[in-house]
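Asker: This is model-v8.pdb, which holds PDB, C-alpha atoms and all ligand atoms:
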MODEL        1
ATOM      1  CA  MET A  13      95.695 140.985  66.528  1.00  0.00           C
ATOM      2  CA  LYS A  14      95.041 143.071  63.379  1.00  0.00           C
ATOM      3  CA  PHE A  15      98.035 144.760  61.785  1.00  0.00           C
ATOM      4  CA  LYS A  16      96.242 147.727  60.232  1.00  0.00           C
ATOM      5  CA  LEU A  17      94.633 150.264  62.557  1.00  0.00           C
ATOM      6  CA  GLU A  18      91.389 151.072  60.715  1.00  0.00           C
ATOM      7  CA  TYR A  19      90.183 154.573  61.564  1.00  0.00           C
ATOM      8  CA  PRO A  20      87.639 156.123  59.178  1.00  0.00           C
ATOM      9  CA  LYS A  21      87.961 159.747  58.039  1.00  0.00           C
ATOM     10  CA  GLU A  22      85.246 160.844  60.519  1.00  0.00           C
ATOM     11  CA  LYS A  23      87.263 159.467  63.425  1.00  0.00           C
ATOM     12  CA  TRP A  24      90.411 161.331  62.315  1.00  0.00           C
ATOM     13  CA  ASP A  25      88.405 164.560  61.913  1.00  0.00           C
ATOM     14  CA  ALA A  26      86.898 164.081  65.381  1.00  0.00           C
ATOM     15  CA  MET A  27      90.299 163.402  66.962  1.00  0.00           C
ATOM     16  CA  PHE A  28      91.839 166.496  65.340  1.00  0.00           C
ATOM     17  CA  THR A  29      88.803 168.604  66.344  1.00  0.00           C
ATOM     18  CA  LYS A  30      89.200 167.481  69.978  1.00  0.00           C
ATOM     19  CA  GLY A  31      92.905 168.318  69.905  1.00  0.00           C
ATOM     20  CA  LYS A  32      94.117 164.756  70.508  1.00  0.00           C
ATOM     21  CA  TRP A  33      97.024 165.237  68.070  1.00  0.00           C
ATOM     22  CA  ASP A  34      97.807 168.903  68.817  1.00  0.00           C
ATOM     23  CA  TYR A  35     101.183 167.913  70.284  1.00  0.00           C
ATOM     24  CA  LEU A  36     102.341 166.753  66.838  1.00  0.00           C
ATOM     25  CA  ALA A  37     102.196 170.312  65.509  1.00  0.00           C
ATOM     26  CA  LYS A  38     104.347 171.602  68.382  1.00  0.00           C
ATOM     27  CA  GLY A  39     107.552 169.879  67.294  1.00  0.00           C
ATOM     28  CA  GLN A  40     108.448 166.238  67.738  1.00  0.00           C
ATOM     29  CA  PRO A  41     112.027 164.856  67.683  1.00  0.00           C
ATOM     30  CA  ASN A  42     111.311 162.589  64.695  1.00  0.00           C
ATOM     31  CA  LEU A  43     109.883 165.511  62.697  1.00  0.00           C
ATOM     32  CA  GLU A  44     112.845 167.683  63.682  1.00  0.00           C
ATOM     33  CA  ALA A  45     115.193 164.952  62.429  1.00  0.00           C
ATOM     34  CA  LEU A  46     113.285 164.751  59.128  1.00  0.00           C
ATOM     35  CA  ALA A  47     113.394 168.533  58.690  1.00  0.00           C
ATOM     36  CA  ILE A  48     117.175 168.600  59.265  1.00  0.00           C
ATOM     37  CA  ILE A  49     117.726 165.832  56.675  1.00  0.00           C
ATOM     38  CA  ILE A  50     115.540 167.640  54.111  1.00  0.00           C
ATOM     39  CA  LYS A  51     117.127 171.059  54.675  1.00  0.00           C
ATOM     40  CA  HIS A  52     120.621 169.582  54.253  1.00  0.00           C
ATOM     41  CA  LEU A  53     119.902 168.791  50.600  1.00  0.00           C
ATOM     42  CA  GLU A  54     122.072 170.953  48.394  1.00  0.00           C
ATOM     43  CA  LYS A  55     119.418 171.942  45.881  1.00  0.00           C
ATOM     44  CA  SER A  56     118.007 175.297  44.876  1.00  0.00           C
ATOM     45  CA  GLU A  57     114.487 173.840  44.927  1.00  0.00           C
ATOM     46  CA  ILE A  58     113.329 170.896  47.049  1.00  0.00           C
ATOM     47  CA  ARG A  59     109.978 169.375  46.136  1.00  0.00           C
ATOM     48  CA  VAL A  60     108.576 167.684  49.248  1.00  0.00           C
ATOM     49  CA  LEU A  61     105.532 165.396  49.349  1.00  0.00           C
ATOM     50  CA  ASP A  62     104.358 164.610  52.916  1.00  0.00           C
ATOM     51  CA  LEU A  63     101.892 161.705  52.815  1.00  0.00           C
ATOM     52  CA  GLY A  64      99.630 161.646  55.887  1.00  0.00           C
ATOM     53  CA  CYS A  65     100.921 165.109  56.820  1.00  0.00           C
ATOM     54  CA  GLY A  66      98.456 165.544  59.680  1.00  0.00           C
ATOM     55  CA  ASN A  67      98.166 168.959  61.322  1.00  0.00           C
ATOM     56  CA  GLY A  68     101.440 170.263  59.893  1.00  0.00           C
ATOM     57  CA  GLY A  69     104.141 169.263  62.370  1.00  0.00           C
ATOM     58  CA  LEU A  70     106.705 168.765  59.606  1.00  0.00           C
ATOM     59  CA  ALA A  71     105.320 171.562  57.415  1.00  0.00           C
ATOM     60  CA  ALA A  72     105.867 174.039  60.283  1.00  0.00           C
ATOM     61  CA  LEU A  73     109.532 173.045  60.531  1.00  0.00           C
ATOM     62  CA  LEU A  74     110.077 173.472  56.777  1.00  0.00           C
ATOM     63  CA  ALA A  75     108.184 176.731  56.294  1.00  0.00           C
ATOM     64  CA  ASP A  76     111.226 178.988  56.833  1.00  0.00           C
ATOM     65  CA  ASP A  77     113.197 177.457  53.937  1.00  0.00           C
ATOM     66  CA  VAL A  78     112.298 179.249  50.714  1.00  0.00           C
ATOM     67  CA  ARG A  79     113.712 176.395  48.603  1.00  0.00           C
ATOM     68  CA  ILE A  80     110.982 174.041  49.764  1.00  0.00           C
ATOM     69  CA  LYS A  81     107.920 173.461  47.579  1.00  0.00           C
ATOM     70  CA  TYR A  82     105.696 171.561  49.954  1.00  0.00           C
ATOM     71  CA  THR A  83     102.673 169.350  49.259  1.00  0.00           C
ATOM     72  CA  GLY A  84     100.879 167.635  52.138  1.00  0.00           C
ATOM     73  CA  ILE A  85      98.166 165.016  51.712  1.00  0.00           C
ATOM     74  CA  ASP A  86      95.889 163.782  54.484  1.00  0.00           C
ATOM     75  CA  ILE A  87      92.466 162.206  54.895  1.00  0.00           C
ATOM     76  CA  SER A  88      91.428 164.764  57.525  1.00  0.00           C
ATOM     77  CA  GLN A  89      90.357 168.219  56.329  1.00  0.00           C
ATOM     78  CA  VAL A  90      90.390 169.371  59.964  1.00  0.00           C
ATOM     79  CA  ALA A  91      94.086 168.475  60.200  1.00  0.00           C
ATOM     80  CA  LEU A  92      94.820 170.145  56.853  1.00  0.00           C
ATOM     81  CA  ASP A  93      93.111 173.396  57.878  1.00  0.00           C
ATOM     82  CA  LYS A  94      95.487 173.584  60.856  1.00  0.00           C
ATOM     83  CA  ALA A  95      98.503 172.618  58.726  1.00  0.00           C
ATOM     84  CA  LYS A  96      97.735 175.387  56.238  1.00  0.00           C
ATOM     85  CA  THR A  97      98.034 177.987  59.002  1.00  0.00           C
ATOM     86  CA  LEU A  98     101.552 176.714  59.764  1.00  0.00           C
ATOM     87  CA  PHE A  99     102.761 176.754  56.141  1.00  0.00           C
ATOM     88  CA  PRO A 100     100.453 179.134  54.215  1.00  0.00           C
ATOM     89  CA  LYS A 101     102.490 178.761  51.009  1.00  0.00           C
ATOM     90  CA  GLY A 102     102.189 174.962  51.122  1.00  0.00           C
ATOM     91  CA  ARG A 103      99.731 173.006  49.008  1.00  0.00           C
ATOM     92  CA  PHE A 104      97.388 170.755  50.973  1.00  0.00           C
ATOM     93  CA  ILE A 105      95.257 168.022  49.411  1.00  0.00           C
ATOM     94  CA  CYS A 106      92.529 166.053  51.181  1.00  0.00           C
ATOM     95  CA  GLY A 107      92.665 162.453  50.009  1.00  0.00           C
ATOM     96  CA  ASN A 108      92.789 158.818  50.998  1.00  0.00           C
ATOM     97  CA  LEU A 109      96.174 157.147  50.635  1.00  0.00           C
ATOM     98  CA  ASP A 110      94.487 153.769  50.277  1.00  0.00           C
ATOM     99  CA  GLU A 111      93.404 155.136  46.919  1.00  0.00           C
ATOM    100  CA  ASN A 112      95.915 157.316  45.058  1.00  0.00           C
ATOM    101  CA  PRO A 113      95.518 161.033  45.763  1.00  0.00           C
ATOM    102  CA  VAL A 114      98.996 162.015  44.506  1.00  0.00           C
ATOM    103  CA  PRO A 115      98.672 164.492  41.602  1.00  0.00           C
ATOM    104  CA  GLU A 116      99.304 162.596  38.380  1.00  0.00           C
ATOM    105  CA  ASN A 117     102.697 162.955  36.711  1.00  0.00           C
ATOM    106  CA  GLU A 118     104.176 165.059  39.521  1.00  0.00           C
ATOM    107  CA  LYS A 119     107.579 164.081  40.901  1.00  0.00           C
ATOM    108  CA  PHE A 120     109.220 164.985  44.198  1.00  0.00           C
ATOM    109  CA  ASP A 121     112.771 165.090  45.521  1.00  0.00           C
ATOM    110  CA  ILE A 122     111.622 163.923  48.940  1.00  0.00           C
ATOM    111  CA  VAL A 123     108.552 161.896  49.875  1.00  0.00           C
ATOM    112  CA  VAL A 124     107.826 161.525  53.596  1.00  0.00           C
ATOM    113  CA  LEU A 125     105.849 158.783  55.325  1.00  0.00           C
ATOM    114  CA  GLY A 126     105.749 160.033  58.915  1.00  0.00           C
ATOM    115  CA  GLU A 127     103.890 157.771  61.375  1.00  0.00           C
ATOM    116  CA  ILE A 128     101.341 156.763  58.768  1.00  0.00           C
ATOM    117  CA  LEU A 129     102.090 153.197  57.671  1.00  0.00           C
ATOM    118  CA  TYR A 130     100.150 151.604  60.582  1.00  0.00           C
ATOM    119  CA  TYR A 131      96.890 153.182  59.370  1.00  0.00           C
ATOM    120  CA  VAL A 132      96.962 152.322  55.667  1.00  0.00           C
ATOM    121  CA  SER A 133      97.584 149.424  53.295  1.00  0.00           C
ATOM    122  CA  TRP A 134     101.298 149.944  53.734  1.00  0.00           C
ATOM    123  CA  GLN A 135     102.597 148.175  50.622  1.00  0.00           C
ATOM    124  CA  HIS A 136     100.216 150.173  48.432  1.00  0.00           C
ATOM    125  CA  VAL A 137     101.263 153.428  50.092  1.00  0.00           C
ATOM    126  CA  VAL A 138     104.995 152.658  49.841  1.00  0.00           C
ATOM    127  CA  SER A 139     104.367 151.898  46.174  1.00  0.00           C
ATOM    128  CA  ILE A 140     102.631 155.236  45.456  1.00  0.00           C
ATOM    129  CA  ALA A 141     105.313 157.049  47.452  1.00  0.00           C
ATOM    130  CA  ARG A 142     108.075 155.458  45.354  1.00  0.00           C
ATOM    131  CA  GLN A 143     106.224 156.209  42.121  1.00  0.00           C
ATOM    132  CA  ALA A 144     106.141 159.889  43.108  1.00  0.00           C
ATOM    133  CA  LEU A 145     109.942 160.100  43.486  1.00  0.00           C
ATOM    134  CA  ALA A 146     111.960 162.077  40.962  1.00  0.00           C
ATOM    135  CA  SER A 147     115.124 160.415  39.684  1.00  0.00           C
ATOM    136  CA  ARG A 148     117.564 160.370  42.627  1.00  0.00           C
ATOM    137  CA  GLY A 149     114.651 161.217  44.925  1.00  0.00           C
ATOM    138  CA  GLU A 150     114.472 159.776  48.425  1.00  0.00           C
ATOM    139  CA  LEU A 151     111.674 158.324  50.491  1.00  0.00           C
ATOM    140  CA  LEU A 152     111.977 159.069  54.232  1.00  0.00           C
ATOM    141  CA  VAL A 153     110.030 156.967  56.705  1.00  0.00           C
ATOM    142  CA  SER A 154     109.516 157.639  60.400  1.00  0.00           C
ATOM    143  CA  LEU A 155     108.437 154.751  62.626  1.00  0.00           C
ATOM    144  CA  TYR A 156     107.583 155.095  66.301  1.00  0.00           C
ATOM    145  CA  ARG A 157     108.944 152.155  68.323  1.00  0.00           C
ATOM    146  CA  SER A 158     106.160 149.523  68.608  1.00  0.00           C
ATOM    147  CA  TRP A 159     105.602 145.920  67.530  1.00  0.00           C
ATOM    148  CA  ARG A 160     103.965 147.159  64.314  1.00  0.00           C
ATOM    149  CA  SER A 161     106.967 149.254  63.436  1.00  0.00           C
ATOM    150  CA  ILE A 162     109.409 146.409  64.112  1.00  0.00           C
ATOM    151  CA  ILE A 163     107.547 144.316  61.508  1.00  0.00           C
ATOM    152  CA  LEU A 164     107.457 147.271  59.093  1.00  0.00           C
ATOM    153  CA  PHE A 165     111.154 147.977  59.722  1.00  0.00           C
ATOM    154  CA  ILE A 166     112.092 144.405  58.763  1.00  0.00           C
ATOM    155  CA  MET A 167     109.786 144.341  55.719  1.00  0.00           C
ATOM    156  CA  LEU A 168     111.020 147.733  54.434  1.00  0.00           C
ATOM    157  CA  LYS A 169     114.609 146.494  54.721  1.00  0.00           C
ATOM    158  CA  ILE A 170     113.907 143.194  52.947  1.00  0.00           C
ATOM    159  CA  LEU A 171     111.578 144.466  50.207  1.00  0.00           C
ATOM    160  CA  TYR A 172     113.013 147.926  49.471  1.00  0.00           C
ATOM    161  CA  GLY A 173     116.562 147.942  50.890  1.00  0.00           C
ATOM    162  CA  ALA A 174     115.631 150.653  53.424  1.00  0.00           C
ATOM    163  CA  LYS A 175     118.653 152.103  55.241  1.00  0.00           C
ATOM    164  CA  THR A 176     118.533 153.256  58.849  1.00  0.00           C
ATOM    165  CA  LEU A 177     119.435 156.960  58.944  1.00  0.00           C
ATOM    166  CA  LYS A 178     118.824 157.860  62.554  1.00  0.00           C
ATOM    167  CA  TYR A 179     117.495 156.729  65.923  1.00  0.00           C
ATOM    168  CA  VAL A 180     115.721 159.517  67.792  1.00  0.00           C
ATOM    169  CA  ARG A 181     114.420 159.626  71.362  1.00  0.00           C
ATOM    170  CA  ASN A 182     112.665 162.239  73.459  1.00  0.00           C
ATOM    171  CA  SER A 183     113.166 163.156  77.108  1.00  0.00           C
ATOM    172  CA  LYS A 184     110.593 160.533  78.168  1.00  0.00           C
ATOM    173  CA  GLY A 185     112.518 157.750  76.406  1.00  0.00           C
ATOM    174  CA  LEU A 186     110.094 157.357  73.484  1.00  0.00           C
ATOM    175  CA  LYS A 187     111.968 156.199  70.382  1.00  0.00           C
ATOM    176  CA  TRP A 188     111.673 156.607  66.632  1.00  0.00           C
ATOM    177  CA  ILE A 189     113.616 155.204  63.683  1.00  0.00           C
ATOM    178  CA  ILE A 190     114.161 157.241  60.521  1.00  0.00           C
ATOM    179  CA  LEU A 191     114.666 155.152  57.376  1.00  0.00           C
ATOM    180  CA  ARG A 192     115.604 156.074  53.832  1.00  0.00           C
ATOM    181  CA  ILE A 193     114.534 154.257  50.692  1.00  0.00           C
ATOM    182  CA  SER A 194     116.302 155.438  47.534  1.00  0.00           C
ATOM    183  CA  LYS A 195     114.637 155.490  44.119  1.00  0.00           C
TER     184      LYS A 195
HETATM  185  C1  LIG A 201      99.802 159.821  63.659  1.00  0.00           C
HETATM  186  S1  LIG A 201      99.276 160.978  62.483  1.00  0.00           S
HETATM  187  C2  LIG A 201     100.834 161.502  61.801  1.00  0.00           C
HETATM  188  C3  LIG A 201     100.757 162.851  61.181  1.00  0.00           C
HETATM  189  C4  LIG A 201     102.097 163.419  60.675  1.00  0.00           C
HETATM  190  N1  LIG A 201     102.659 162.629  59.611  1.00  0.00           N
HETATM  191  C5  LIG A 201     103.071 163.590  61.808  1.00  0.00           C
HETATM  192  O1  LIG A 201     104.009 162.774  61.930  1.00  0.00           O
HETATM  193  O2  LIG A 201     102.881 164.527  62.602  1.00  0.00           O
HETATM  194  C6  LIG A 201      98.611 159.980  61.189  1.00  0.00           C
HETATM  195  C7  LIG A 201      97.988 160.798  60.074  1.00  0.00           C
HETATM  196  O3  LIG A 201      97.585 159.924  59.025  1.00  0.00           O
HETATM  197  C8  LIG A 201      96.390 160.394  58.481  1.00  0.00           C
HETATM  198  N2  LIG A 201      95.731 159.262  57.799  1.00  0.00           N
HETATM  199  C9  LIG A 201      95.287 158.126  58.342  1.00  0.00           C
HETATM  200  N3  LIG A 201      94.757 157.309  57.420  1.00  0.00           N
HETATM  201  C10 LIG A 201      94.900 157.961  56.223  1.00  0.00           C
HETATM  202  C11 LIG A 201      94.553 157.648  54.884  1.00  0.00           C
HETATM  203  N4  LIG A 201      93.949 156.486  54.568  1.00  0.00           N
HETATM  204  N5  LIG A 201      94.833 158.541  53.919  1.00  0.00           N
HETATM  205  C12 LIG A 201      95.428 159.733  54.218  1.00  0.00           C
HETATM  206  N6  LIG A 201      95.792 160.078  55.475  1.00  0.00           N
HETATM  207  C13 LIG A 201      95.523 159.212  56.467  1.00  0.00           C
HETATM  208  C14 LIG A 201      95.615 160.906  59.688  1.00  0.00           C
HETATM  209  O4  LIG A 201      94.585 161.808  59.345  1.00  0.00           O
HETATM  210  C15 LIG A 201      96.745 161.544  60.484  1.00  0.00           C
HETATM  211  O5  LIG A 201      96.887 162.889  60.133  1.00  0.00           O
ENDMDL
END
Please render this file's structure as structure tokens.
Ligand SMILES: C[S@@+](CC[C@H](N)C(=O)[O-])C[C@H]1O[C@@H](n2cnc3c(N)ncnc32)[C@H](O)[C@@H]1O
Answerer:
Amino acid sequence: MKFKLEYPKEKWDAMFTKGKWDYLAKGQPNLEALAIIIKHLEKSEIRVLDLGCGNGGLAALLADDVRIKYTGIDISQVALDKAKTLFPKGRFICGNLDENPVPENEKFDIVVLGEILYYVSWQHVVSIARQALASRGELLVSLYRSWRSIILFIMLKILYGAKTLKYVRNSKGLKWIILRISK
């Protein structure tokens, strides 16, 4: 069985157009947990980079905090158009994480990898996420409970010293793990 789920940009655009991922933008427990962690930072400005931001589920939960300077990157322009409506002051960039779409020389206090590592070359993406961290910045990773995420969970612990921050579950028993990787 292949580890990486290979969906081209056209497939993501088609799925977002059909509304397959609409539920993500309506609030998910893992995104709520990420938003709480980010908003707890005691900083006057919090630079957030959300890699594979999708249709703005996390952006929507951060939009009411004026301290947050949000950048979301995703391969799907359809998803980004929706995300922009949820956080009009956010910056949204269409790009492929298997390349490196992160604006050069920019640093962030928080970089988020929310349910994205199964679809990309994960070591490359963790590497660009870590490069984008400011000093004392933190990388937050959300993994939905599946065999892929168990492998990623173990690898992130071994290779990057990832710490488990939270286990989250919804009313149907679906589970997520939130991990933190420090700079
Ligand atoms: C399951 S969704 C998660 C979206 C969002 N992070 C969330 O948790 O609601 C996966 C997202 O990854 C994006 N994606 C997949 N492959 C990508 C790539 N190579 N580069 C950038 N984004 C990608 C998809 O367009 C989609 O928005």
Asker: Could you list, as a list in words, all protein and nucleic acid residues with an atom at most 7 Å from ligand LIG 201 (chain A), counting all atoms listed in the file?
Answerer: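 Residues satisfying the distance criterion: Tyr19, Trp24, Leu36, Ala37, Leu43, Leu63, Gly64, Cys65, Gly66, Asn67, Gly68, Gly69, Leu70, Ile85, Asp86, Ile87, Ser88, Ala91, Gly107, Asn108, Leu109, Asp110, Leu125, Gly126, Glu127, Ile128, Tyr131 and Val132 of chain A.
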Asker: What is the distance, in Å and to one decimal place, between atom CA of A:Met27 and atom CA of A:Ser133?
Answerer: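 Interatomic distance here is 20.9 Å.
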Asker: Given the choices A:Leu98, A:Leu53, A:Arg157, A:Asp62, which gets closest to A:Gly39 if the distance is worked out from only C-alpha atoms?
Answerer: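 The closest residue to A:Gly39 is A:Leu98.
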Asker: What gap, in Å, lies between atom CA of A:Leu177 and atom CA of A:Ile189?
Answerer: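 Separation of atom CA of A:Leu177 and atom CA of A:Ile189: 7.7 Å.
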Asker: How far is it from atom CA of A:Val60 to atom CA of A:Ala72, in Å with one decimal?
Answerer: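 Here the two named atoms are 13.0 Å from each other.
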Asker: Please complete stretch 162-189 of chain A with N, CA and C atoms and give it back as a compact mmCIF listing (two decimals), keeping the file's coordinate frame.
Answerer:
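Saved result, rebuild.txt, follows:
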# COMPACT_ATOMS: atom_id res chain seq x y z
N ILE A 162 108.31 147.38 64.26
CA ILE A 162 109.41 146.41 64.11
C ILE A 162 109.15 145.53 62.88
N ILE A 163 107.88 145.12 62.70
CA ILE A 163 107.55 144.32 61.51
C ILE A 163 107.76 145.15 60.24
N LEU A 164 107.28 146.40 60.27
CA LEU A 164 107.46 147.27 59.09
C LEU A 164 108.94 147.51 58.81
N PHE A 165 109.71 147.74 59.85
CA PHE A 165 111.15 147.98 59.72
C PHE A 165 111.81 146.81 58.97
N ILE A 166 111.49 145.59 59.40
CA ILE A 166 112.09 144.40 58.76
C ILE A 166 111.62 144.29 57.31
N MET A 167 110.32 144.48 57.08
CA MET A 167 109.79 144.34 55.72
C MET A 167 110.36 145.42 54.78
N LEU A 168 110.48 146.65 55.28
CA LEU A 168 111.02 147.73 54.43
C LEU A 168 112.48 147.46 54.08
N LYS A 169 113.20 146.85 55.01
CA LYS A 169 114.61 146.49 54.72
C LYS A 169 114.67 145.39 53.67
N ILE A 170 113.84 144.35 53.86
CA ILE A 170 113.91 143.19 52.95
C ILE A 170 113.39 143.58 51.56
N LEU A 171 112.23 144.23 51.51
CA LEU A 171 111.58 144.47 50.21
C LEU A 171 112.17 145.65 49.44
N TYR A 172 112.61 146.69 50.16
CA TYR A 172 113.01 147.93 49.47
C TYR A 172 114.44 148.36 49.79
N GLY A 173 115.18 147.56 50.55
CA GLY A 173 116.56 147.94 50.89
C GLY A 173 116.64 149.21 51.73
N ALA A 174 115.64 149.43 52.59
CA ALA A 174 115.63 150.65 53.42
C ALA A 174 116.89 150.71 54.31
N LYS A 175 117.45 151.90 54.40
CA LYS A 175 118.65 152.10 55.24
C LYS A 175 118.25 152.89 56.49
N THR A 176 118.80 152.50 57.62
CA THR A 176 118.53 153.26 58.85
C THR A 176 119.37 154.53 58.84
N LEU A 177 118.71 155.69 58.95
CA LEU A 177 119.44 156.96 58.94
C LEU A 177 119.70 157.45 60.35
N LYS A 178 118.73 157.23 61.24
CA LYS A 178 118.82 157.86 62.55
C LYS A 178 117.91 157.17 63.57
N TYR A 179 118.36 157.09 64.80
CA TYR A 179 117.50 156.73 65.92
C TYR A 179 117.28 158.01 66.72
N VAL A 180 116.03 158.28 67.07
CA VAL A 180 115.72 159.52 67.79
C VAL A 180 114.97 159.14 69.07
N ARG A 181 115.23 159.85 70.15
CA ARG A 181 114.42 159.63 71.36
C ARG A 181 114.10 160.96 72.01
N ASN A 182 113.00 160.99 72.75
CA ASN A 182 112.66 162.24 73.46
C ASN A 182 113.03 162.10 74.93
N SER A 183 112.73 163.14 75.71
CA SER A 183 113.17 163.16 77.11
C SER A 183 112.46 162.08 77.94
N LYS A 184 111.31 161.58 77.42
CA LYS A 184 110.59 160.53 78.17
C LYS A 184 111.03 159.13 77.73
N GLY A 185 112.01 159.06 76.84
CA GLY A 185 112.52 157.75 76.41
C GLY A 185 111.77 157.15 75.23
N LEU A 186 110.79 157.88 74.67
CA LEU A 186 110.09 157.36 73.48
C LEU A 186 111.04 157.39 72.29
N LYS A 187 110.97 156.34 71.46
CA LYS A 187 111.97 156.20 70.38
C LYS A 187 111.34 156.12 69.00
N TRP A 188 112.06 156.68 68.05
CA TRP A 188 111.67 156.61 66.63
C TRP A 188 112.87 156.15 65.81
N ILE A 189 112.56 155.55 64.66
CA ILE A 189 113.62 155.20 63.68
C ILE A 189 113.30 155.99 62.41
